[in-house]
Structure formats: structure tokens, C-alpha cells
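**Q** work04.cif (mmCIF, C-alpha atoms) pasted underneath:
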data_data
#
loop_
_atom_site.label_atom_id
_atom_site.label_comp_id
_atom_site.auth_asym_id
_atom_site.auth_seq_id
_atom_site.Cartn_x
_atom_site.Cartn_y
_atom_site.Cartn_z
CA MET R 1 77.56 121.84 95.16
CA THR R 2 81.23 121.90 96.18
CA GLU R 3 80.98 123.52 99.60
CA ARG R 4 80.18 121.40 102.65
CA ALA R 5 76.55 120.48 102.13
CA ALA R 6 73.91 121.47 104.62
CA GLY R 7 73.61 119.07 107.52
CA CYS R 8 77.20 117.78 107.40
CA ARG R 9 78.67 117.82 110.89
CA LYS R 10 82.34 117.71 111.82
CA ASN R 11 83.47 115.85 114.92
CA ARG R 12 86.21 117.44 117.00
CA ALA R 13 87.11 114.40 119.08
CA CYS R 14 87.90 110.72 118.56
CA ARG R 15 84.88 108.39 118.58
CA TYR R 16 86.67 105.81 120.71
CA CYS R 17 88.72 107.70 123.30
CA GLY R 18 87.51 111.31 123.07
CA SER R 19 90.95 112.74 122.32
CA GLY R 20 91.11 115.98 120.35
CA SER R 21 94.58 115.14 118.97
CA LEU R 22 93.69 114.20 115.41
CA ASP R 23 95.90 114.19 112.31
CA CYS R 24 94.53 114.18 108.73
CA TYR R 25 96.66 111.81 106.66
CA LEU R 26 94.52 111.27 103.53
CA SER R 27 92.23 113.62 101.62
CA LEU R 28 90.21 112.30 98.68
CA GLY R 29 88.45 115.60 98.02
CA ASP R 30 84.76 116.46 98.22
CA GLN R 31 82.60 113.53 97.13
CA PRO R 32 78.91 112.56 97.20
CA PRO R 33 77.83 109.58 99.34
CA SER R 34 79.03 106.50 97.48
CA ASN R 35 75.73 104.61 97.55
CA SER R 36 73.66 107.62 96.44
CA PHE R 37 73.10 106.68 92.80
CA ILE R 38 71.03 109.36 91.10
CA ARG R 39 68.72 110.12 88.18
CA ALA R 40 69.78 112.60 85.52
CA ASP R 41 67.36 115.22 86.88
CA GLN R 42 69.12 115.10 90.28
CA ILE R 43 72.57 116.14 89.07
CA ALA R 44 72.07 119.85 89.78
CA THR R 45 71.19 119.24 93.43
CA GLU R 46 73.76 116.53 94.17
CA ALA R 47 75.61 117.23 97.42
CA ARG R 48 79.29 116.60 98.08
CA TYR R 49 81.06 116.24 101.40
CA PRO R 50 84.73 116.20 102.48
CA LEU R 51 86.27 112.73 102.38
CA ASP R 52 89.27 113.05 104.71
CA VAL R 53 90.75 110.38 106.99
CA TYR R 54 92.23 111.24 110.40
CA ARG R 55 94.39 109.30 112.84
CA CYS R 56 93.73 109.67 116.54
CA ILE R 57 97.12 110.26 118.12
CA GLY R 58 95.64 109.19 121.46
CA CYS R 59 94.38 105.66 120.69
CA GLY R 60 95.29 105.06 117.04
CA LEU R 61 91.77 104.90 115.54
CA SER R 62 91.52 105.92 111.88
CA GLN R 63 88.25 107.70 111.16
CA LEU R 64 86.31 110.29 109.21
CA LEU R 65 85.38 113.39 111.18
CA ASP R 66 82.89 114.78 108.64
CA VAL R 67 79.58 113.02 109.25
CA VAL R 68 77.05 112.94 106.43
CA PRO R 69 73.40 113.01 107.59
CA ALA R 70 72.15 109.44 107.84
CA GLU R 71 69.15 110.22 105.64
CA ALA R 72 71.50 111.30 102.83
CA ILE R 73 72.95 107.78 102.86
CA PHE R 74 70.05 105.49 103.76
CA ASP R 75 66.89 107.15 102.39
CA ASP R 76 67.61 105.93 98.84
CA TYR R 77 69.99 103.11 99.71
CA VAL R 78 70.28 100.65 96.81
CA TYR R 79 72.97 98.20 97.96
CA LEU R 80 71.75 94.58 97.88
CA SER R 81 74.21 92.04 99.30
CA SER R 82 72.59 89.01 97.68
CA THR R 83 73.25 90.25 94.14
CA SER R 84 76.84 89.06 94.65
CA LYS R 85 77.09 85.27 94.40
CA ALA R 86 80.54 85.39 95.96
CA LEU R 87 79.21 87.34 98.94
CA VAL R 88 76.30 84.94 99.39
CA GLN R 89 78.80 82.08 99.57
CA HIS R 90 81.01 84.01 102.00
CA TYR R 91 78.19 84.76 104.43
CA GLY R 92 76.95 81.19 104.18
CA ARG R 93 80.38 80.02 105.34
CA LEU R 94 80.35 82.56 108.18
CA ALA R 95 76.94 81.36 109.37
CA ASP R 96 78.18 77.75 109.28
CA THR R 97 81.27 78.74 111.29
CA ILE R 98 79.22 80.49 113.98
CA THR R 99 76.75 77.59 114.17
CA SER R 100 79.40 74.92 114.63
CA ARG R 101 81.93 76.82 116.74
CA PHE R 102 79.43 78.06 119.30
CA GLY R 103 77.13 75.09 119.30
CA LEU R 104 73.93 76.80 118.21
CA LYS R 105 70.76 74.77 118.58
CA ALA R 106 67.10 75.01 117.67
CA GLY R 107 65.37 77.83 119.56
CA ASP R 108 68.51 79.99 119.82
CA LEU R 109 68.19 83.61 118.74
CA VAL R 110 70.61 84.98 116.12
CA VAL R 111 70.57 88.69 115.34
CA ASP R 112 72.18 90.34 112.31
CA ILE R 113 72.67 94.09 112.75
CA GLY R 114 72.52 95.82 109.37
CA CYS R 115 70.99 92.72 107.82
CA ASN R 116 70.51 94.36 104.41
CA ASP R 117 68.43 91.98 102.26
CA GLY R 118 68.85 89.08 104.68
CA VAL R 119 71.93 87.56 103.06
CA LEU R 120 73.57 86.38 106.31
CA LEU R 121 70.29 85.32 107.92
CA LYS R 122 69.69 83.09 104.89
CA GLY R 123 73.09 81.51 105.48
CA TYR R 124 71.99 79.91 108.77
CA ARG R 125 70.91 76.41 107.82
CA LEU R 126 70.16 74.92 111.24
CA PRO R 127 66.40 74.27 111.52
CA GLY R 128 64.61 76.00 114.36
CA LEU R 129 66.92 79.01 114.81
CA VAL R 130 65.11 82.28 115.56
CA ARG R 131 66.54 84.67 112.97
CA LEU R 132 66.12 88.42 113.48
CA GLY R 133 67.47 91.35 111.46
CA VAL R 134 67.99 95.04 112.23
CA GLU R 135 68.10 97.36 109.22
CA PRO R 136 67.48 101.12 108.91
CA SER R 137 67.21 101.37 105.11
CA LYS R 138 64.43 100.50 102.69
CA VAL R 139 66.37 97.32 101.81
CA ALA R 140 64.75 95.87 104.96
CA GLU R 141 61.64 95.36 102.83
CA VAL R 142 63.53 92.80 100.73
CA ALA R 143 64.52 90.82 103.82
CA MET R 144 60.96 90.96 105.17
CA ALA R 145 59.60 89.80 101.82
CA ALA R 146 61.92 86.79 102.15
CA GLY R 147 60.17 85.91 105.40
CA PHE R 148 62.54 87.35 108.01
CA THR R 149 61.52 89.42 111.01
CA VAL R 150 63.32 92.76 110.66
CA LEU R 151 63.27 95.71 113.04
CA ARG R 152 63.47 98.95 111.08
CA GLY R 153 65.91 101.39 112.64
CA PHE R 154 69.43 101.90 113.92
CA PHE R 155 70.74 99.58 116.63
CA SER R 156 70.60 101.19 120.09
CA PRO R 157 70.02 100.33 123.78
CA ALA R 158 66.31 101.05 123.28
CA LEU R 159 66.13 98.61 120.39
CA THR R 160 68.06 96.08 122.45
CA ARG R 161 65.46 96.23 125.22
CA GLN R 162 62.75 95.65 122.64
CA ILE R 163 64.53 92.55 121.31
CA VAL R 164 65.22 91.08 124.75
CA GLU R 165 61.66 91.67 125.94
CA ARG R 166 60.24 89.86 122.90
CA HIS R 167 62.82 87.16 122.25
CA GLY R 168 65.26 86.94 125.16
CA CYS R 169 69.05 87.18 124.90
CA ALA R 170 70.82 86.33 121.65
CA ARG R 171 73.18 83.42 121.24
CA ALA R 172 74.98 85.10 118.34
CA VAL R 173 74.94 88.70 117.11
CA THR R 174 76.67 89.73 113.89
CA ALA R 175 77.65 93.07 112.41
CA THR R 176 79.30 92.54 109.03
CA ASN R 177 80.45 95.71 107.31
CA VAL R 178 78.38 97.67 109.85
CA PHE R 179 80.42 98.32 113.00
CA ALA R 180 82.65 100.80 111.18
CA HIS R 181 79.62 102.74 109.93
CA VAL R 182 78.37 104.01 113.28
CA ASP R 183 79.02 107.57 114.42
CA ALA R 184 77.69 107.26 118.00
CA ILE R 185 79.49 103.96 118.45
CA GLY R 186 79.43 104.22 122.26
CA ASP R 187 75.62 104.17 122.25
CA PHE R 188 75.71 101.25 119.82
CA VAL R 189 77.90 99.01 121.99
CA ASP R 190 76.08 99.98 125.20
CA GLY R 191 73.20 97.82 124.04
CA LEU R 192 75.32 94.71 123.49
CA PRO R 193 75.94 93.38 127.04
CA MET R 194 72.18 93.20 127.62
CA LEU R 195 71.56 91.48 124.29
CA LEU R 196 74.39 88.97 124.67
CA GLY R 197 73.61 87.96 128.22
CA GLU R 198 76.02 85.48 129.81
CA HIS R 199 76.54 83.18 126.84
CA GLY R 200 76.12 85.24 123.67
CA VAL R 201 78.88 86.14 121.21
CA PHE R 202 79.19 89.21 119.03
CA VAL R 203 81.01 88.89 115.70
CA ILE R 204 82.34 91.94 113.89
CA GLU R 205 83.58 91.71 110.31
CA ALA R 206 84.93 94.77 108.52
CA PRO R 207 87.84 95.94 106.35
CA TYR R 208 91.11 95.82 108.30
CA LEU R 209 93.34 98.86 108.49
CA LEU R 210 96.54 96.89 107.90
CA ASP R 211 95.13 95.25 104.76
CA MET R 212 93.96 98.64 103.56
CA PHE R 213 97.47 100.05 103.97
CA GLU R 214 99.48 97.05 102.80
CA GLN R 215 97.43 96.70 99.59
CA THR R 216 96.61 100.44 99.21
CA LEU R 217 92.87 99.75 99.21
CA PHE R 218 91.85 103.37 99.54
CA ASP R 219 88.55 102.83 97.74
CA THR R 220 87.18 101.33 100.95
CA VAL R 221 87.18 104.94 102.21
CA TYR R 222 83.74 106.48 101.80
CA HIS R 223 81.29 108.40 103.95
CA GLU R 224 79.41 105.31 105.06
CA HIS R 225 82.66 103.91 106.51
CA LEU R 226 83.30 106.27 109.40
CA CYS R 227 86.05 104.16 111.01
CA TYR R 228 88.88 101.94 109.68
CA LEU R 229 89.31 99.16 112.16
CA SER R 230 92.31 97.76 113.97
CA LEU R 231 92.51 95.92 117.26
CA THR R 232 94.75 98.37 119.14
CA PRO R 233 92.07 101.04 119.70
CA MET R 234 89.17 98.57 119.69
CA VAL R 235 90.14 96.39 122.67
CA PRO R 236 90.25 99.18 125.30
CA PHE R 237 87.20 100.87 123.78
CA LEU R 238 85.07 97.74 124.08
CA ALA R 239 86.44 97.01 127.56
CA ARG R 240 85.20 100.40 128.76
CA HIS R 241 81.72 99.31 127.65
CA GLY R 242 81.73 95.96 129.44
CA LEU R 243 82.84 93.86 126.48
CA ASP R 244 85.82 91.55 126.00
CA VAL R 245 87.57 90.59 122.74
CA PHE R 246 88.34 86.86 122.98
CA ASP R 247 89.48 86.04 119.45
CA VAL R 248 90.40 87.65 116.13
CA GLU R 249 91.22 86.44 112.66
CA ARG R 250 92.03 87.89 109.29
CA VAL R 251 89.97 86.66 106.35
CA PRO R 252 91.06 87.14 102.73
CA PHE R 253 87.57 87.99 101.47
CA GLY R 254 84.82 90.28 102.71
CA ALA R 255 82.19 92.69 101.43
CA SER R 256 84.86 95.31 100.65
CA GLY R 257 87.95 93.16 100.26
CA PRO R 258 90.15 91.51 102.91
CA ALA R 259 88.69 91.79 106.41
CA ILE R 260 89.26 91.37 110.10
CA ARG R 261 86.83 89.24 112.10
CA VAL R 262 86.63 90.09 115.80
CA PHE R 263 84.89 87.87 118.36
CA VAL R 264 83.46 89.61 121.43
CA GLN R 265 81.58 88.59 124.58
CA ARG R 266 80.32 90.28 127.69
CA ALA R 267 83.10 90.91 130.22
CA GLY R 268 83.53 87.77 132.31
CA GLY R 269 82.04 85.53 129.59
CA ARG R 270 82.86 81.86 129.31
CA GLN R 271 84.75 81.91 126.00
CA PRO R 272 88.53 81.48 126.53
CA LYS R 273 90.77 84.21 125.17
CA GLY R 274 92.78 82.97 122.20
CA ALA R 275 96.44 83.73 121.60
CA ALA R 276 95.52 85.54 118.39
CA VAL R 277 94.40 88.63 120.32
CA ALA R 278 97.79 89.28 121.96
CA ARG R 279 99.59 88.29 118.77
CA THR R 280 97.57 90.75 116.66
CA LEU R 281 98.16 93.57 119.12
CA GLU R 282 101.89 92.85 118.96
CA ASP R 283 101.80 92.76 115.16
CA GLU R 284 100.05 96.13 115.03
CA ALA R 285 102.59 97.66 117.42
CA ARG R 286 105.50 96.39 115.28
CA TRP R 287 103.76 97.64 112.15
CA GLY R 288 103.69 101.14 113.62
CA ILE R 289 100.03 101.83 114.29
CA ARG R 290 100.83 104.64 116.72
CA GLY R 291 103.49 106.41 114.66
CA PRO R 292 103.04 108.70 111.62
CA GLU R 293 105.32 106.89 109.16
CA GLN R 294 102.88 104.26 107.84
CA TYR R 295 100.20 106.88 107.32
CA ARG R 296 102.43 109.21 105.32
CA SER R 297 103.62 106.31 103.19
CA PHE R 298 100.03 105.24 102.51
CA ALA R 299 99.07 108.66 101.19
CA LYS R 300 101.99 108.59 98.74
CA LYS R 301 101.02 105.10 97.50
CA VAL R 302 97.44 106.27 96.91
CA GLU R 303 98.77 108.99 94.63
CA MET R 304 100.85 106.42 92.75
CA ILE R 305 97.82 104.19 92.11
CA ARG R 306 95.88 107.18 90.82
CA ALA R 307 98.68 107.93 88.37
CA GLY R 308 98.94 104.28 87.32
CA VAL R 309 95.24 103.82 86.53
CA LEU R 310 95.03 107.12 84.67
CA GLU R 311 98.06 106.17 82.58
CA ILE R 312 96.39 102.92 81.50
CA LEU R 313 93.11 104.67 80.69
CA GLU R 314 94.81 107.44 78.72
CA ARG R 315 96.84 104.92 76.73
CA LEU R 316 93.77 102.86 75.85
CA LYS R 317 91.71 105.92 75.03
CA GLY R 318 94.53 107.15 72.78
CA ALA R 319 94.31 103.82 70.94
CA LYS R 320 90.55 104.42 70.42
CA ALA R 321 89.60 101.48 72.63
CA ARG R 322 86.07 101.37 74.02
CA ILE R 323 86.11 101.31 77.83
CA GLY R 324 83.29 100.40 80.18
CA GLY R 325 83.10 99.64 83.88
CA TYR R 326 82.27 96.34 85.59
CA GLY R 327 80.36 96.32 88.85
CA ALA R 328 79.00 99.38 90.63
CA PRO R 329 79.88 98.95 94.32
CA ALA R 330 79.97 101.93 96.63
CA LYS R 331 83.75 101.78 96.87
CA GLY R 332 83.97 102.05 93.10
CA ASN R 333 82.56 105.54 93.33
CA THR R 334 85.37 106.63 95.62
CA LEU R 335 87.77 105.53 92.89
CA LEU R 336 85.82 107.12 90.04
CA ASN R 337 85.55 110.46 91.81
CA TYR R 338 89.14 110.52 93.05
CA LEU R 339 90.33 109.83 89.49
CA GLY R 340 87.97 112.48 88.11
CA LEU R 341 86.45 110.07 85.57
CA THR R 342 83.34 110.86 83.52
CA PRO R 343 81.31 109.17 80.74
CA SER R 344 83.81 110.54 78.22
CA THR R 345 86.27 107.89 79.47
CA ILE R 346 84.04 105.20 81.03
CA GLY R 347 80.99 105.01 78.80
CA TYR R 348 78.75 102.83 81.00
CA ILE R 349 78.98 100.33 83.85
CA ALA R 350 77.56 96.79 84.10
CA GLU R 351 75.68 95.95 87.29
CA THR R 352 73.49 92.98 88.25
CA ASN R 353 71.57 94.89 90.94
CA ALA R 354 68.37 95.98 89.18
CA TRP R 355 67.87 98.81 91.69
CA LYS R 356 70.96 100.55 90.29
CA GLN R 357 70.28 99.95 86.60
CA GLY R 358 69.10 103.08 84.78
CA LEU R 359 70.70 105.37 87.36
CA LEU R 360 73.95 107.34 87.24
CA THR R 361 76.98 106.88 89.46
CA PRO R 362 77.22 109.61 92.10
CA GLY R 363 79.63 112.39 91.21
CA SER R 364 80.96 110.87 87.96
CA HIS R 365 77.47 110.46 86.42
CA ILE R 366 78.24 107.33 84.41
CA PRO R 367 75.15 105.34 83.29
CA ILE R 368 74.47 101.96 84.93
CA VAL R 369 73.29 99.24 82.56
CA SER R 370 72.35 95.58 82.95
CA GLU R 371 74.96 92.94 82.29
CA GLU R 372 72.94 91.84 79.27
CA GLU R 373 73.09 95.33 77.79
CA PHE R 374 76.80 95.58 78.61
CA LEU R 375 77.48 92.33 76.72
CA LYS R 376 75.60 93.65 73.70
CA ARG R 377 77.83 96.72 73.62
CA MET R 378 80.91 94.62 74.49
CA PRO R 379 83.66 97.20 75.12
CA GLU R 380 87.19 95.90 74.68
CA TYR R 381 88.13 96.88 78.22
CA ALA R 382 86.28 97.33 81.50
CA LEU R 383 87.53 99.08 84.63
CA LEU R 384 86.85 96.45 87.31
CA LEU R 385 85.35 98.43 90.17
CA SER R 386 84.55 95.21 92.06
CA TRP R 387 88.26 94.31 91.94
CA ASN R 388 87.99 92.15 95.08
CA TYR R 389 85.96 89.64 93.01
CA LEU R 390 88.64 89.41 90.29
CA ASP R 391 89.25 85.67 90.60
CA PHE R 392 85.52 84.96 90.67
CA PHE R 393 84.89 87.05 87.54
CA LEU R 394 87.90 85.68 85.64
CA GLY R 395 86.47 82.21 86.12
CA GLN R 396 82.76 82.87 85.64
CA SER R 397 82.16 86.16 83.79
CA ASP R 398 80.58 85.97 80.33
CA TYR R 399 82.39 89.22 79.54
CA ILE R 400 85.76 87.49 79.94
CA ARG R 401 84.57 84.42 78.03
CA LYS R 402 83.67 86.69 75.10
CA GLY R 403 87.15 88.19 74.99
CA GLY R 404 86.84 91.24 77.24
CA ARG R 405 89.68 92.37 79.47
CA PHE R 406 89.64 93.97 82.90
CA ILE R 407 91.55 97.05 83.98
CA VAL R 408 92.30 96.09 87.58
CA PRO R 409 92.99 99.19 89.70
CA MET R 410 94.18 97.61 92.94
CA PRO R 411 96.39 96.69 94.61
CA LEU R 412 98.56 97.22 91.50
CA PRO R 413 97.09 98.80 88.35
CA ARG R 414 97.20 96.25 85.53
CA ILE R 415 95.19 94.57 82.76
CA ALA R 416 93.85 91.01 83.18
CA PRO R 417 93.77 88.50 81.69
#
Take the structure in the file and give it back as C-alpha cells.

**A**
Amino acid sequence: MTERAAGCRKNRACRYCGSGSLDCYLSLGDQPPSNSFIRADQIATEARYPLDVYRCIGCGLSQLLDVVPAEAIFDDYVYLSSTSKALVQHYGRLADTITSRFGLKAGDLVVDIGCNDGVLLKGYRLPGLVRLGVEPSKVAEVAMAAGFTVLRGFFSPALTRQIVERHGCARAVTATNVFAHVDAIGDFVDGLPMLLGEHGVFVIEAPYLLDMFEQTLFDTVYHEHLCYLSLTPMVPFLARHGLDVFDVERVPFGASGPAIRVFVQRAGGRQPKGAAVARTLEDEARWGIRGPEQYRSFAKKVEMIRAGVLEILERLKGAKARIGGYGAPAKGNTLLNYLGLTPSTIGYIAETNAWKQGLLTPGSHIPIVSEEEFLKRMPEYALLLSWNYLDFFLGQSDYIRKGGRFIVPMPLPRIAP
């Protein structure tokens, strides 16, 4: 199905400021939802949707305007955060940072919005914390099986009232790789002042627009990621909803690569505003967040990466090398579909998440196999779709120990080691 699938809705105004002045600067074609891994008998009915990124000329927010129905993304959602050891370690460090920096104590409520399988909730090690998750997908069952209280649904003011009535205000609320996923983001943030109360903090972590551009990380673009975050549009947007950004930092590692971490409180909260907020806003202005030049340059660099990866694959295929794929993250499917790859080039993909094994990648229809099966087949090369874990895999992957080599697509196409 190549036409816009039924149920896809196109916004005509910016999510943050409501401006209708929107400029499309990157088009990756029509693609299926990146986490919608399918069975072979579902190929004929697979839906595709436009994957185009727009810049709001009014406030500078980068965003998708085509909104895929939530059920198309979350009904058969198979992403499990805890299958990545590196991600488990990362979220453990984040939980430690929040605990120590904000002086959490036994009895405090911590809420993780989009808790997935409970990976961040597990990272809190302080005894006596009240840990609560919010998760709309079936993955909530995994977190509940691990012993966490999880509210099934999308975060909203109504859900906030339910939490506050049962548990009181939260001391810390997190949204890692979630804030950028929300279409009705105004409704989402309207629930936060009530949940935070006078002393709570809200921590956002998501891919950062400047990292995405500077390293040409276009595979972080997929339908689940409706917005591509920067501080310039975010600060006034949150202020209009009674929230204040008091600190920001860039972190080299996140669920989808480098990330920005934004610290928020209710307007008038007690946390002092750090110098990093003004400094980041100045950096974004110098970078050119409001002008068209960076966006045009980014689109050209995306085309160059596409050409570079295809050249490597064609050269290896011409030499009769066997090529697999390593890791099956959602962002990998953006890459596979933009490159137009099929099983004739990438024979199969290794993945530790058992929920994905036995399925096909959306759009490209490449079989997903276990790592054990992948090592039995042992292709000479593997396209590393989880490229952001390169250092981790080079040091710990059995595939590398056995002599395999990665084709690393980003930020510069190359073969390693």
C-alpha cells in the first residue's frame, strides 16, 4: 500500500506555537511504522505513511506533520528497553543522578512516563521509593510482571488526577525517549504542574536536533518520533503551560544515540536556573536554528550517507561476501527502507529481543533471527543498525570475537574493525 494509509492525519499547524508557516526540509519517502515488525502473511496488508520532516518558521520546532494512528504503532509494539545491556546501564546512571541531585528519600513518588518494560524504574536503588510507570503498549505487562505498578494508557491531565489522588505529588517524573512522541503535546504537559506540585522535577531525555544534524543521524526520524527537540522552541512552549526549564545538558549516549536532557519544574519552583539554559539558547541561535541553511545542508548530507552505504554494500556483494544485519532497532528500519534494502542484500538480522525473532522487518521484510542462529550462519559482514552501540559491541560482541566485521552506516559509512 503506497498511498497514505487509512487513518493517517496531517497536521496543518505547529504543535508548539500553532503557526501554519511550515517548511519540509527532509523526505524519506513512504514507510511503515518502524516498530511494526510483521509476519510473512501480513506483507500484503502492510501500510506505509509519509515520512517527511518540517521546520516551523515561527518557533523553530522540527516535526512530522503526518500522524500515524496510535494503534498502528502501539497495538503490536515489540520494543523492550531491557534487552540492551548498555541501555540498562545508562538508565541506572540516570536514576542514580536524579536520586542524588534532588535528594530523593524513602516514601517519595517517582513516575516514569512511557516506562516500557520498567528499565528506568529498576534503576532506582533507594529503598522505600514509590515507583510508578505509565505505559500505553502491551509491554506494560512485562513491567507489571516485574512487580511495578503501571497505569495502562497515554499520559494526560485525567491520568494525572488519578495519580495524585492515589499517591500524591511526584518528587521526580521522567520521560525518556517519550516527550518527542506525543502529538497532542499541549494536553500532555497540562498535566505536569499538578503532578509535580511545588517541589517535583520533570526530566526529559530525547535525541537532540543539533546532534542529529551535526552527525547526520537521520535514522532517528520515524513515525513514532513526531518532534526533534531543541531548546529554542521548547522553553517558551513550556512556559505557556506553567513550566520552567531550569537546567539542560547534552549526553553522549541515549536510547537513539546522543541526547539532550532537559530539567523542568513548575513555574516559580525552588530549583535555581543554571547558566546552561542561556548558553544552550545562545549556541542554538549561533548554529542557525531559525534560518534555512542548516536544514538544506542536512538534507544533502543524508543523500551522501545513502550513497556511501550503498557503495559499500554493492562492493561487498560484488565480491560475493555474505552480509547480515546486527540489531533490529526501530531506527534501523528507517535506514533499511530509505536505502531500499531487501533480503537479497541483507540476508537476516540478529536480535536479542525474543519478541522480534521470527518476524520480518517492516517494509524491507528481512528475517529476524536470534544471535545464536546468526553466529551459526556467521556472515562475513553485518550492517550495524544499532550503530550507537558500536563501542559496546566491538568490546563485547561474540560476532566480532569470531572475526565478523561491522558495516557502520553513521555518522560516516565505514567498516569496523

**Q** Please, what distance in Å, to one decimal, runs between atom CA of R:Pro417 and atom CA of R:Leu394?

**A** 7.6 Å

**Q** For a quick check of your reading of the model, name the residues lying within 8 Å of the coordinate (95.8, 110.6, 104.2), counting all atoms listed in the file, and write them as a list of chain:residue names.

**A**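 Output: R:Cys24, R:Tyr25, R:Leu26, R:Ser27, R:Asp52, R:Val53, R:Tyr54, R:Tyr295, R:Arg296, R:Phe298, R:Ala299.
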
**Q** Apply the PyMOL selection byres ((chain R and resi 220-229) around 9) to the displayed file and report the matching residues as JSON, numbers by chain.

**A** {"R": [15, 28, 31, 32, 33, 34, 35, 49, 50, 51, 52, 53, 61, 62, 63, 64, 65, 66, 67, 68, 70, 73, 177, 178, 179, 180, 181, 182, 183, 206, 207, 208, 209, 210, 212, 217, 218, 219, 230, 231, 232, 233, 234, 256, 257, 260, 330, 331, 332, 333, 334]}

**Q** Any idea what's packed within 12 Å of R:Met304, counting all atoms listed in the file, ignoring anything in its chain fewer than 2 positions away? Could you give it as a tab-separated table (two decimals) with C-alpha atoms, in the frame of the given file?

**A**
chain	number	residue	atom	x	y	z
R	216	THR	CA	96.61	100.44	99.21
R	218	PHE	CA	91.85	103.37	99.54
R	297	SER	CA	103.62	106.31	103.19
R	298	PHE	CA	100.03	105.24	102.51
R	299	ALA	CA	99.07	108.66	101.19
R	300	LYS	CA	101.99	108.59	98.74
R	301	LYS	CA	101.02	105.10	97.50
R	302	VAL	CA	97.44	106.27	96.91
R	306	ARG	CA	95.88	107.18	90.82
R	307	ALA	CA	98.68	107.93	88.37
R	308	GLY	CA	98.94	104.28	87.32
R	309	VAL	CA	95.24	103.82	86.53
R	310	LEU	CA	95.03	107.12	84.67
R	311	GLU	CA	98.06	106.17	82.58
R	339	LEU	CA	90.33	109.83	89.49
R	409	PRO	CA	92.99	99.19	89.70
R	410	MET	CA	94.18	97.61	92.94
R	411	PRO	CA	96.39	96.69	94.61
R	412	LEU	CA	98.56	97.22	91.50
R	413	PRO	CA	97.09	98.80	88.35

**Q** Translate the PyMOL selection byres ((chain R and resi 110) around 12), as applied to the file shown, into an explicit residue set as a PyMOL selection string.

**A** chain R and resi 95+98-99+102+104-109+111-113+115+120-126+128-134+148-150+163-164+167-175+195-196+200-203

**Q** Could the residues in this selection be saved with C-alpha atoms as a PDB file, keeping the file's coordinate frame?

**A**
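Writing the result to selection.pdb gives the following:
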ATOM      1  CA  ALA R  95      76.940  81.360 109.370  1.00  0.00           C
ATOM      2  CA  ILE R  98      79.220  80.490 113.980  1.00  0.00           C
ATOM      3  CA  THR R  99      76.750  77.590 114.170  1.00  0.00           C
ATOM      4  CA  PHE R 102      79.430  78.060 119.300  1.00  0.00           C
ATOM      5  CA  LEU R 104      73.930  76.800 118.210  1.00  0.00           C
ATOM      6  CA  LYS R 105      70.760  74.770 118.580  1.00  0.00           C
ATOM      7  CA  ALA R 106      67.100  75.010 117.670  1.00  0.00           C
ATOM      8  CA  GLY R 107      65.370  77.830 119.560  1.00  0.00           C
ATOM      9  CA  ASP R 108      68.510  79.990 119.820  1.00  0.00           C
ATOM     10  CA  LEU R 109      68.190  83.610 118.740  1.00  0.00           C
ATOM     11  CA  VAL R 111      70.570  88.690 115.340  1.00  0.00           C
ATOM     12  CA  ASP R 112      72.180  90.340 112.310  1.00  0.00           C
ATOM     13  CA  ILE R 113      72.670  94.090 112.750  1.00  0.00           C
ATOM     14  CA  CYS R 115      70.990  92.720 107.820  1.00  0.00           C
ATOM     15  CA  LEU R 120      73.570  86.380 106.310  1.00  0.00           C
ATOM     16  CA  LEU R 121      70.290  85.320 107.920  1.00  0.00           C
ATOM     17  CA  LYS R 122      69.690  83.090 104.890  1.00  0.00           C
ATOM     18  CA  GLY R 123      73.090  81.510 105.480  1.00  0.00           C
ATOM     19  CA  TYR R 124      71.990  79.910 108.770  1.00  0.00           C
ATOM     20  CA  ARG R 125      70.910  76.410 107.820  1.00  0.00           C
ATOM     21  CA  LEU R 126      70.160  74.920 111.240  1.00  0.00           C
ATOM     22  CA  GLY R 128      64.610  76.000 114.360  1.00  0.00           C
ATOM     23  CA  LEU R 129      66.920  79.010 114.810  1.00  0.00           C
ATOM     24  CA  VAL R 130      65.110  82.280 115.560  1.00  0.00           C
ATOM     25  CA  ARG R 131      66.540  84.670 112.970  1.00  0.00           C
ATOM     26  CA  LEU R 132      66.120  88.420 113.480  1.00  0.00           C
ATOM     27  CA  GLY R 133      67.470  91.350 111.460  1.00  0.00           C
ATOM     28  CA  VAL R 134      67.990  95.040 112.230  1.00  0.00           C
ATOM     29  CA  PHE R 148      62.540  87.350 108.010  1.00  0.00           C
ATOM     30  CA  THR R 149      61.520  89.420 111.010  1.00  0.00           C
ATOM     31  CA  VAL R 150      63.320  92.760 110.660  1.00  0.00           C
ATOM     32  CA  ILE R 163      64.530  92.550 121.310  1.00  0.00           C
ATOM     33  CA  VAL R 164      65.220  91.080 124.750  1.00  0.00           C
ATOM     34  CA  HIS R 167      62.820  87.160 122.250  1.00  0.00           C
ATOM     35  CA  GLY R 168      65.260  86.940 125.160  1.00  0.00           C
ATOM     36  CA  CYS R 169      69.050  87.180 124.900  1.00  0.00           C
ATOM     37  CA  ALA R 170      70.820  86.330 121.650  1.00  0.00           C
ATOM     38  CA  ARG R 171      73.180  83.420 121.240  1.00  0.00           C
ATOM     39  CA  ALA R 172      74.980  85.100 118.340  1.00  0.00           C
ATOM     40  CA  VAL R 173      74.940  88.700 117.110  1.00  0.00           C
ATOM     41  CA  THR R 174      76.670  89.730 113.890  1.00  0.00           C
ATOM     42  CA  ALA R 175      77.650  93.070 112.410  1.00  0.00           C
ATOM     43  CA  LEU R 195      71.560  91.480 124.290  1.00  0.00           C
ATOM     44  CA  LEU R 196      74.390  88.970 124.670  1.00  0.00           C
ATOM     45  CA  GLY R 200      76.120  85.240 123.670  1.00  0.00           C
ATOM     46  CA  VAL R 201      78.880  86.140 121.210  1.00  0.00           C
ATOM     47  CA  PHE R 202      79.190  89.210 119.030  1.00  0.00           C
ATOM     48  CA  VAL R 203      81.010  88.890 115.700  1.00  0.00           C
TER      49      VAL R 203
END

**Q** Kindly indicate which residue among R:Ser344, R:Ser81, R:Gln42, R:Gln215 lies nearest to R:Asn388, using all atoms listed in the file for the distances.

**A**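 Answer, going by the shortest atom-to-atom distance: R:Gln215.
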
**Q** Using all atoms listed in the file, can you tell me which of R:Leu80, R:Glu165, R:Ala158, R:His90 comes closest to R:Lys138?

**A**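 Under the stated criterion, the closest residue is R:Leu80.
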
**Q** Using the chain letters and numbers from this file, what does the PyMOL selection byres ((chain R and resi 403) around 12) select? Give the answer as a ChimeraX atom specification.

**A** /R:375,378-382,394,397-402,404-406,416-417
